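Enquirer: This one is data28.cif, mmCIF, C-alpha atoms; chains and numbers go by the auth columns.
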```
data_upload
loop_
_atom_site.group_PDB
_atom_site.id
_atom_site.type_symbol
_atom_site.label_atom_id
_atom_site.label_comp_id
_atom_site.label_asym_id
_atom_site.label_seq_id
_atom_site.Cartn_x
_atom_site.Cartn_y
_atom_site.Cartn_z
_atom_site.B_iso_or_equiv
_atom_site.auth_seq_id
_atom_site.auth_asym_id
ATOM 1 C CA MET A 1 1.116 4.762 -11.714 0.00 691 A
ATOM 2 C CA GLY A 2 0.355 3.719 -8.153 0.00 692 A
ATOM 3 C CA ILE A 3 3.211 1.206 -8.097 0.00 693 A
ATOM 4 C CA LEU A 4 5.555 3.856 -9.487 0.00 694 A
ATOM 5 C CA GLY A 5 4.457 6.287 -6.779 0.00 695 A
ATOM 6 C CA ILE A 6 4.995 3.757 -4.006 0.00 696 A
ATOM 7 C CA SER A 7 8.412 2.895 -5.445 0.00 697 A
ATOM 8 C CA LEU A 8 9.445 6.554 -5.411 0.00 698 A
ATOM 9 C CA LEU A 9 8.323 6.798 -1.796 0.00 699 A
ATOM 10 C CA GLY A 10 9.845 3.584 -0.491 0.00 700 A
ATOM 11 C CA LEU A 11 13.039 2.943 -2.440 0.00 701 A
ATOM 12 C CA PRO A 12 16.276 4.890 -1.804 0.00 702 A
ATOM 13 C CA ASP A 13 16.729 7.911 -4.059 0.00 703 A
ATOM 14 C CA GLU A 14 20.217 6.694 -4.994 0.00 704 A
ATOM 15 C CA TRP A 15 18.771 3.545 -6.570 0.00 705 A
ATOM 16 C CA ILE A 16 16.203 5.459 -8.595 0.00 706 A
ATOM 17 C CA MET A 17 18.682 8.066 -9.836 0.00 707 A
ATOM 18 C CA ALA A 18 21.233 5.401 -10.771 0.00 708 A
ATOM 19 C CA LEU A 19 18.584 3.414 -12.639 0.00 709 A
ATOM 20 C CA ALA A 20 17.412 6.533 -14.477 0.00 710 A
ATOM 21 C CA GLN A 21 20.985 7.191 -15.579 0.00 711 A
ATOM 22 C CA GLY A 22 21.404 3.614 -16.786 0.00 712 A
ATOM 23 C CA ASN A 23 23.873 2.745 -14.020 0.00 713 A
ATOM 24 C CA THR A 24 23.363 -0.819 -12.768 0.00 714 A
ATOM 25 C CA ASP A 25 26.559 -1.138 -10.709 0.00 715 A
ATOM 26 C CA TRP A 26 24.500 -0.916 -7.526 0.00 716 A
ATOM 27 C CA LEU A 27 22.799 -4.207 -8.474 0.00 717 A
ATOM 28 C CA THR A 28 26.080 -6.145 -8.508 0.00 718 A
ATOM 29 C CA GLY A 29 28.150 -7.448 -5.638 0.00 719 A
ATOM 30 C CA GLY A 30 25.208 -7.712 -3.259 0.00 720 A
ATOM 31 C CA THR A 31 25.254 -3.954 -2.543 0.00 721 A
ATOM 32 C CA ALA A 32 21.548 -3.486 -3.246 0.00 722 A
ATOM 33 C CA LEU A 33 20.587 -6.532 -1.180 0.00 723 A
ATOM 34 C CA ASN A 34 22.716 -5.441 1.771 0.00 724 A
ATOM 35 C CA THR A 35 21.238 -1.944 1.663 0.00 725 A
ATOM 36 C CA LEU A 36 17.738 -3.380 1.500 0.00 726 A
ATOM 37 C CA LEU A 37 18.265 -5.727 4.442 0.00 727 A
ATOM 38 C CA GLN A 38 19.934 -3.107 6.630 0.00 728 A
ATOM 39 C CA GLY A 39 17.050 -0.688 6.224 0.00 729 A
ATOM 40 C CA GLY A 40 13.333 -1.071 6.713 0.00 730 A
ATOM 41 C CA GLU A 41 12.420 -1.313 3.046 0.00 731 A
ATOM 42 C CA TRP A 42 12.312 -5.106 3.004 0.00 732 A
ATOM 43 C CA LEU A 43 10.022 -5.111 6.054 0.00 733 A
ATOM 44 C CA MET A 44 7.749 -2.656 4.254 0.00 734 A
ATOM 45 C CA LEU A 45 7.686 -4.889 1.183 0.00 735 A
ATOM 46 C CA LEU A 46 6.861 -7.964 3.279 0.00 736 A
ATOM 47 C CA ALA A 47 4.098 -6.062 5.067 0.00 737 A
ATOM 48 C CA ALA A 48 2.619 -4.928 1.744 0.00 738 A
ATOM 49 C CA LEU A 49 2.734 -8.484 0.402 0.00 739 A
ATOM 50 C CA SER A 50 1.052 -9.838 3.537 0.00 740 A
ATOM 51 C CA MET A 51 -1.644 -7.164 3.405 0.00 741 A
ATOM 52 C CA ALA A 52 -2.344 -7.839 -0.271 0.00 742 A
ATOM 53 C CA THR A 53 -2.603 -11.584 0.353 0.00 743 A
ATOM 54 C CA GLY A 54 -4.927 -11.080 3.316 0.00 744 A
ATOM 55 C CA THR A 55 -7.140 -8.697 1.347 0.00 745 A
ATOM 56 C CA ILE A 56 -7.600 -11.240 -1.434 0.00 746 A
ATOM 57 C CA LEU A 57 -8.171 -14.213 0.878 0.00 747 A
ATOM 58 C CA ILE A 58 -10.615 -12.435 3.206 0.00 748 A
ATOM 59 C CA ARG A 59 -13.419 -12.534 0.610 0.00 749 A
ATOM 60 C CA TYR A 60 -13.197 -16.331 0.470 0.00 750 A
ATOM 61 C CA VAL A 61 -12.790 -16.666 4.233 0.00 751 A
ATOM 62 C CA CYS A 62 -15.844 -14.492 4.947 0.00 752 A
ATOM 63 C CA ARG A 63 -18.050 -16.952 3.051 0.00 753 A
ATOM 64 C CA HIS A 64 -17.635 -19.254 6.039 0.00 754 A
ATOM 65 C CA VAL A 65 -16.963 -16.959 9.014 0.00 755 A
ATOM 66 C CA ASP A 66 -17.815 -13.459 10.224 0.00 756 A
ATOM 67 C CA PRO A 67 -15.262 -10.787 9.148 0.00 757 A
ATOM 68 C CA VAL A 68 -14.663 -9.686 12.755 0.00 758 A
ATOM 69 C CA VAL A 69 -13.974 -13.276 13.838 0.00 759 A
ATOM 70 C CA ALA A 70 -11.686 -13.740 10.861 0.00 760 A
ATOM 71 C CA THR A 71 -9.808 -10.561 11.804 0.00 761 A
ATOM 72 C CA GLY A 72 -9.370 -11.829 15.375 0.00 762 A
ATOM 73 C CA TRP A 73 -7.836 -15.103 14.207 0.00 763 A
ATOM 74 C CA HIS A 74 -5.775 -13.195 11.661 0.00 764 A
ATOM 75 C CA MET A 75 -4.201 -11.128 14.456 0.00 765 A
ATOM 76 C CA ILE A 76 -3.694 -14.087 16.784 0.00 766 A
ATOM 77 C CA LEU A 77 -2.044 -16.284 14.156 0.00 767 A
ATOM 78 C CA GLY A 78 0.053 -13.362 12.935 0.00 768 A
ATOM 79 C CA GLY A 79 1.107 -12.375 16.457 0.00 769 A
ATOM 80 C CA LEU A 80 2.272 -15.802 17.600 0.00 770 A
ATOM 81 C CA PRO A 81 5.351 -15.927 15.314 0.00 771 A
ATOM 82 C CA LEU A 82 6.284 -12.400 16.400 0.00 772 A
ATOM 83 C CA PHE A 83 5.962 -13.404 20.042 0.00 773 A
ATOM 84 C CA GLY A 84 8.181 -16.421 19.431 0.00 774 A
ATOM 85 C CA LEU A 85 10.835 -14.404 17.605 0.00 775 A
ATOM 86 C CA SER A 86 10.824 -11.813 20.388 0.00 776 A
ATOM 87 C CA ALA A 87 11.300 -14.505 23.013 0.00 777 A
ATOM 88 C CA LEU A 88 14.239 -16.000 21.091 0.00 778 A
ATOM 89 C CA TRP A 89 16.135 -12.902 19.963 0.00 779 A
ATOM 90 C CA GLU A 90 15.268 -10.015 22.286 0.00 780 A
ATOM 91 C CA LEU A 91 16.817 -9.641 25.734 0.00 781 A
ATOM 92 C CA GLN A 92 14.575 -8.258 28.474 0.00 782 A
ATOM 93 C CA PRO A 93 11.843 -7.009 26.120 0.00 783 A
ATOM 94 C CA TRP A 94 9.552 -5.793 28.914 0.00 784 A
ATOM 95 C CA GLN A 95 11.870 -4.170 31.442 0.00 785 A
ATOM 96 C CA GLY A 96 12.503 -0.906 29.577 0.00 786 A
ATOM 97 C CA LEU A 97 8.872 -0.117 28.822 0.00 787 A
ATOM 98 C CA THR A 98 7.355 2.954 30.470 0.00 788 A
ATOM 99 C CA ALA A 99 3.700 3.782 31.086 0.00 789 A
ATOM 100 C CA MET A 100 3.745 5.851 27.903 0.00 790 A
ATOM 101 C CA ASP A 101 5.064 2.843 25.958 0.00 791 A
ATOM 102 C CA TRP A 102 2.294 0.603 27.307 0.00 792 A
ATOM 103 C CA GLY A 103 -0.279 3.248 26.379 0.00 793 A
ATOM 104 C CA ALA A 104 1.146 3.495 22.857 0.00 794 A
ATOM 105 C CA MET A 105 1.008 -0.291 22.452 0.00 795 A
ATOM 106 C CA ALA A 106 -2.575 -0.382 23.755 0.00 796 A
ATOM 107 C CA TYR A 107 -3.610 2.340 21.310 0.00 797 A
ATOM 108 C CA SER A 108 -1.836 0.586 18.431 0.00 798 A
ATOM 109 C CA THR A 109 -3.407 -2.758 19.353 0.00 799 A
ATOM 110 C CA LEU A 110 -6.984 -1.553 19.788 0.00 800 A
ATOM 111 C CA PHE A 111 -7.326 1.235 17.235 0.00 801 A
ATOM 112 C CA GLY A 112 -4.401 0.850 14.847 0.00 802 A
ATOM 113 C CA SER A 113 -4.796 -2.907 14.481 0.00 803 A
ATOM 114 C CA ALA A 114 -7.998 -4.515 15.779 0.00 804 A
ATOM 115 C CA LEU A 115 -10.487 -1.785 14.862 0.00 805 A
ATOM 116 C CA ALA A 116 -8.764 -0.685 11.653 0.00 806 A
ATOM 117 C CA TYR A 117 -8.259 -4.224 10.326 0.00 807 A
ATOM 118 C CA GLY A 118 -11.772 -5.251 11.361 0.00 808 A
ATOM 119 C CA ILE A 119 -13.338 -2.381 9.414 0.00 809 A
ATOM 120 C CA PHE A 120 -11.032 -2.919 6.437 0.00 810 A
ATOM 121 C CA PHE A 121 -11.702 -6.641 6.120 0.00 811 A
ATOM 122 C CA PHE A 122 -15.442 -6.118 6.651 0.00 812 A
ATOM 123 C CA LEU A 123 -15.491 -3.629 3.772 0.00 813 A
ATOM 124 C CA ALA A 124 -13.269 -5.928 1.710 0.00 814 A
ATOM 125 C CA ALA A 125 -15.810 -8.714 2.128 0.00 815 A
ATOM 126 C CA GLN A 126 -18.787 -6.483 1.322 0.00 816 A
ATOM 127 C CA GLY A 127 -17.655 -3.743 -1.058 0.00 817 A
ATOM 128 C CA ASN A 128 -15.545 -3.179 -4.131 0.00 818 A
ATOM 129 C CA LEU A 129 -12.184 -4.822 -3.514 0.00 819 A
ATOM 130 C CA THR A 130 -10.343 -2.851 -6.204 0.00 820 A
ATOM 131 C CA SER A 131 -11.355 0.581 -4.923 0.00 821 A
ATOM 132 C CA LEU A 132 -10.730 -0.404 -1.318 0.00 822 A
ATOM 133 C CA SER A 133 -7.302 -1.845 -2.056 0.00 823 A
ATOM 134 C CA ALA A 134 -6.337 1.359 -3.848 0.00 824 A
ATOM 135 C CA LEU A 135 -6.766 3.246 -0.579 0.00 825 A
ATOM 136 C CA THR A 136 -3.924 1.241 0.949 0.00 826 A
ATOM 137 C CA PHE A 137 -1.626 3.279 -1.314 0.00 827 A
ATOM 138 C CA LEU A 138 -2.265 6.122 1.145 0.00 828 A
ATOM 139 C CA THR A 139 -0.393 4.294 3.931 0.00 829 A
ATOM 140 C CA PRO A 140 3.118 5.505 2.974 0.00 830 A
ATOM 141 C CA VAL A 141 1.709 8.952 2.190 0.00 831 A
ATOM 142 C CA PHE A 142 0.339 9.292 5.713 0.00 832 A
ATOM 143 C CA ALA A 143 3.530 7.804 7.174 0.00 833 A
ATOM 144 C CA ILE A 144 5.648 10.437 5.421 0.00 834 A
ATOM 145 C CA LEU A 145 3.189 13.203 6.344 0.00 835 A
ATOM 146 C CA PHE A 146 3.260 12.331 10.050 0.00 836 A
ATOM 147 C CA GLY A 147 7.037 11.913 9.897 0.00 837 A
ATOM 148 C CA ASN A 148 7.243 15.458 8.578 0.00 838 A
ATOM 149 C CA LEU A 149 4.848 16.858 11.189 0.00 839 A
ATOM 150 C CA PHE A 150 6.089 15.078 14.316 0.00 840 A
ATOM 151 C CA LEU A 151 9.669 14.016 13.539 0.00 841 A
ATOM 152 C CA GLY A 152 10.833 16.899 11.397 0.00 842 A
ATOM 153 C CA GLU A 153 11.562 14.661 8.406 0.00 843 A
ATOM 154 C CA THR A 154 11.748 16.315 5.000 0.00 844 A
ATOM 155 C CA LEU A 155 10.673 14.997 1.612 0.00 845 A
ATOM 156 C CA THR A 156 12.953 14.820 -1.375 0.00 846 A
ATOM 157 C CA SER A 157 11.833 15.845 -4.843 0.00 847 A
ATOM 158 C CA LEU A 158 11.405 12.199 -5.848 0.00 848 A
ATOM 159 C CA GLN A 159 9.243 11.528 -2.792 0.00 849 A
ATOM 160 C CA TRP A 160 7.014 14.502 -3.606 0.00 850 A
ATOM 161 C CA LEU A 161 6.700 13.100 -7.117 0.00 851 A
ATOM 162 C CA GLY A 162 5.787 9.726 -5.589 0.00 852 A
ATOM 163 C CA VAL A 163 3.081 11.363 -3.462 0.00 853 A
ATOM 164 C CA SER A 164 1.641 13.026 -6.577 0.00 854 A
ATOM 165 C CA PHE A 165 1.605 9.783 -8.569 0.00 855 A
ATOM 166 C CA THR A 166 -0.004 7.928 -5.664 0.00 856 A
ATOM 167 C CA LEU A 167 -2.804 10.465 -5.210 0.00 857 A
ATOM 168 C CA VAL A 168 -3.509 10.594 -8.954 0.00 858 A
ATOM 169 C CA SER A 169 -3.651 6.783 -9.157 0.00 859 A
ATOM 170 C CA ILE A 170 -6.126 6.623 -6.258 0.00 860 A
ATOM 171 C CA TYR A 171 -8.318 9.236 -7.953 0.00 861 A
ATOM 172 C CA LEU A 172 -8.245 7.384 -11.276 0.00 862 A
ATOM 173 C CA ILE A 173 -9.163 4.063 -9.630 0.00 863 A
ATOM 174 C CA SER A 174 -11.976 5.549 -7.546 0.00 864 A
ATOM 175 C CA ARG A 175 -13.401 7.332 -10.603 0.00 865 A
ATOM 176 C CA ARG A 176 -12.674 4.628 -13.165 0.00 866 A
ATOM 177 C CA GLU A 177 -16.314 3.933 -14.113 0.00 867 A
ATOM 178 C CA PRO A 178 -17.371 7.523 -14.975 0.00 868 A
ATOM 179 C CA LEU A 179 -13.966 8.164 -16.555 0.00 869 A
ATOM 180 C CA THR A 180 -14.343 5.034 -18.695 0.00 870 A
ATOM 181 C CA GLN A 181 -17.818 6.083 -19.808 0.00 871 A
ATOM 182 C CA ARG A 182 -16.576 9.580 -20.639 0.00 872 A
ATOM 183 C CA LEU A 183 -13.675 8.145 -22.629 0.00 873 A
ATOM 184 C CA ARG A 184 -16.040 5.875 -24.573 0.00 874 A
ATOM 185 C CA ARG A 185 -18.301 8.813 -25.422 0.00 875 A
ATOM 186 C CA TRP A 186 -15.292 10.852 -26.526 0.00 876 A
ATOM 187 C CA LEU A 187 -14.005 8.024 -28.737 0.00 877 A
ATOM 188 C CA LEU A 188 -17.514 7.522 -30.193 0.00 878 A
ATOM 189 C CA ALA A 189 -17.804 11.243 -30.970 0.00 879 A
ATOM 190 C CA LEU A 190 -14.340 11.227 -32.529 0.00 880 A
ATOM 191 C CA GLU A 191 -15.211 8.195 -34.663 0.00 881 A
ATOM 192 C CA THR A 192 -18.476 9.817 -35.721 0.00 882 A
ATOM 193 C CA SER A 193 -16.753 13.040 -36.755 0.00 883 A
ATOM 194 C CA GLN A 194 -14.248 11.137 -38.885 0.00 884 A
ATOM 195 C CA SER A 195 -16.873 8.980 -40.599 0.00 885 A
ATOM 196 C CA PRO A 196 -17.947 10.249 -44.071 0.00 886 A
ATOM 197 C CA THR A 197 -21.613 9.524 -43.358 0.00 887 A
ATOM 198 C CA GLY A 198 -21.515 11.062 -39.904 0.00 888 A
ATOM 199 C CA THR A 199 -22.270 7.738 -38.229 0.00 889 A
ATOM 200 C CA PRO A 200 -19.802 5.458 -36.436 0.00 890 A
ATOM 201 C CA ALA A 201 -18.154 2.967 -38.728 0.00 891 A
ATOM 202 C CA LYS A 202 -19.197 -0.609 -38.070 0.00 892 A
ATOM 203 C CA PRO A 203 -16.391 -3.048 -37.279 0.00 893 A
ATOM 204 C CA ASP A 204 -15.656 -5.729 -39.862 0.00 894 A
#
```
The structure given in the file should be rewritten as structure tokens.
Expert:
Amino acid sequence: MGILGISLLGLPDEWIMALAQGNTDWLTGGTALNTLLQGGEWLMLLAALSMATGTILIRYVCRHVDPVVATGWHMILGGLPLFGLSALWELQPWQGLTAMDWGAMAYSTLFGSALAYGIFFFLAAQGNLTSLSALTFLTPVFAILFGNLFLGETLTSLQWLGVSFTLVSIYLISRREPLTQRLRRWLLALETSQSPTGTPAKPD
């Protein structure tokens, strides 16, 4: 359900509607690939894949190094390729930056990256990885919410449906243990009520 919600949020509505109608013409001729590469969807998918890989590996890394130190190296090693690509492909990357731009980059570096990733990887090394990873499903939800508040962007019906699926999936994952116990009790009571002797039937 979470993957379905993220798909409804991130993929173009035209793709989803065409797929629902059984139309696969958009998959032929490279149209889907060109659309994906021209937009930001493929960058979002790469970012999600990188985040998932880092979340899994951090538990093994933190057996040998402090989570904060690991986060620092994670950001340095991840930033070097970006710095190299910027030096090769961007012309005059610094000249057009204003004081507001530098402040935004400082905020993003300190709070949006260093502090946020440090806390996340620390919790990933110490707590329940499944529940923590489920919270990353909120990233596109917050992105769309802030886009609506500050940029005047509007949500389509499919995106609202994606938000609903995402929130429900996060609730189910965070409450999976009590929900599982409640389901087992319900199944046991159902089996007891259907048994002729009033006791649960023993498996063969």
Enquirer: Closest to Ile693 of chain A among A:Ile746, A:Ile834, A:Ile860, A:Ala879, using only C-alpha atoms?
Expert: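 Of A:Ile746, A:Ile834, A:Ile860, A:Ala879, the one nearest Ile693 of chain A, counting only C-alpha atoms, is A:Ile860.
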Enquirer: To verify the selection step, state as number ranges by chain which residues the PyMOL selection byres ((chain A and resi 696-703) around 9) yields on this input.
Expert: A: 691-695, 704-708, 726, 731, 734-735, 827, 830-831, 834, 846, 848-853, 855-856
Enquirer: Suppose we keep C-alpha atoms; can you now write the selection as a tab-separated table (two decimals), in the coordinates of the input?
Expert:
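Now in result-v6.tsv:
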```tsv
chain	number	residue	atom	x	y	z
A	691	MET	CA	1.12	4.76	-11.71
A	692	GLY	CA	0.36	3.72	-8.15
A	693	ILE	CA	3.21	1.21	-8.10
A	694	LEU	CA	5.56	3.86	-9.49
A	695	GLY	CA	4.46	6.29	-6.78
A	704	GLU	CA	20.22	6.69	-4.99
A	705	TRP	CA	18.77	3.54	-6.57
A	706	ILE	CA	16.20	5.46	-8.60
A	707	MET	CA	18.68	8.07	-9.84
A	708	ALA	CA	21.23	5.40	-10.77
A	726	LEU	CA	17.74	-3.38	1.50
A	731	GLU	CA	12.42	-1.31	3.05
A	734	MET	CA	7.75	-2.66	4.25
A	735	LEU	CA	7.69	-4.89	1.18
A	827	PHE	CA	-1.63	3.28	-1.31
A	830	PRO	CA	3.12	5.50	2.97
A	831	VAL	CA	1.71	8.95	2.19
A	834	ILE	CA	5.65	10.44	5.42
A	846	THR	CA	12.95	14.82	-1.38
A	848	LEU	CA	11.40	12.20	-5.85
A	849	GLN	CA	9.24	11.53	-2.79
A	850	TRP	CA	7.01	14.50	-3.61
A	851	LEU	CA	6.70	13.10	-7.12
A	852	GLY	CA	5.79	9.73	-5.59
A	853	VAL	CA	3.08	11.36	-3.46
A	855	PHE	CA	1.60	9.78	-8.57
A	856	THR	CA	0.00	7.93	-5.66
```
Enquirer: Please report the interatomic distance between atom CA of Leu835 of chain A and atom CA of Trp732 of chain A in Å with one decimal.
Expert: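 Distance reported for this atom pair: 20.7 Å.
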Enquirer: Mind listing whatever residues come within 12 Å of the point (-9.1, -3.0, 14.2)? Use all atoms listed in the file, file coordinates, and give them as a list in words.
Expert: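 Residues satisfying the cut-off, written out: Pro757, Val758, Val759, Ala760, Thr761, Gly762, His764, Met765, Ala796, Tyr797, Ser798, Thr799, Leu800, Phe801, Gly802, Ser803, Ala804, Leu805, Ala806, Tyr807, Gly808, Ile809, Phe810, Phe811 and Phe812 of chain A.
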Enquirer: Using atom CA of Ala737 of chain A and atom CA of Ala794 of chain A as the two end points, give the distance in Å to one decimal.
Expert: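 Pair atom CA of Ala737 of chain A / atom CA of Ala794 of chain A returns 20.4 Å.
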Enquirer: Please, what distance in Å, to one decimal, runs between atom CA of Met795 of chain A and atom CA of Phe773 of chain A?
Expert: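 Between atom CA of Met795 of chain A and atom CA of Phe773 of chain A the gap works out to 14.2 Å.
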Enquirer: From the list A:Ser859, A:Thr844, A:Ser854, A:Thr829, which residue is nearest Ala738 of chain A when using only C-alpha atoms?
Expert: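 Smallest separation from Ala738 of chain A among the options: A:Thr829.
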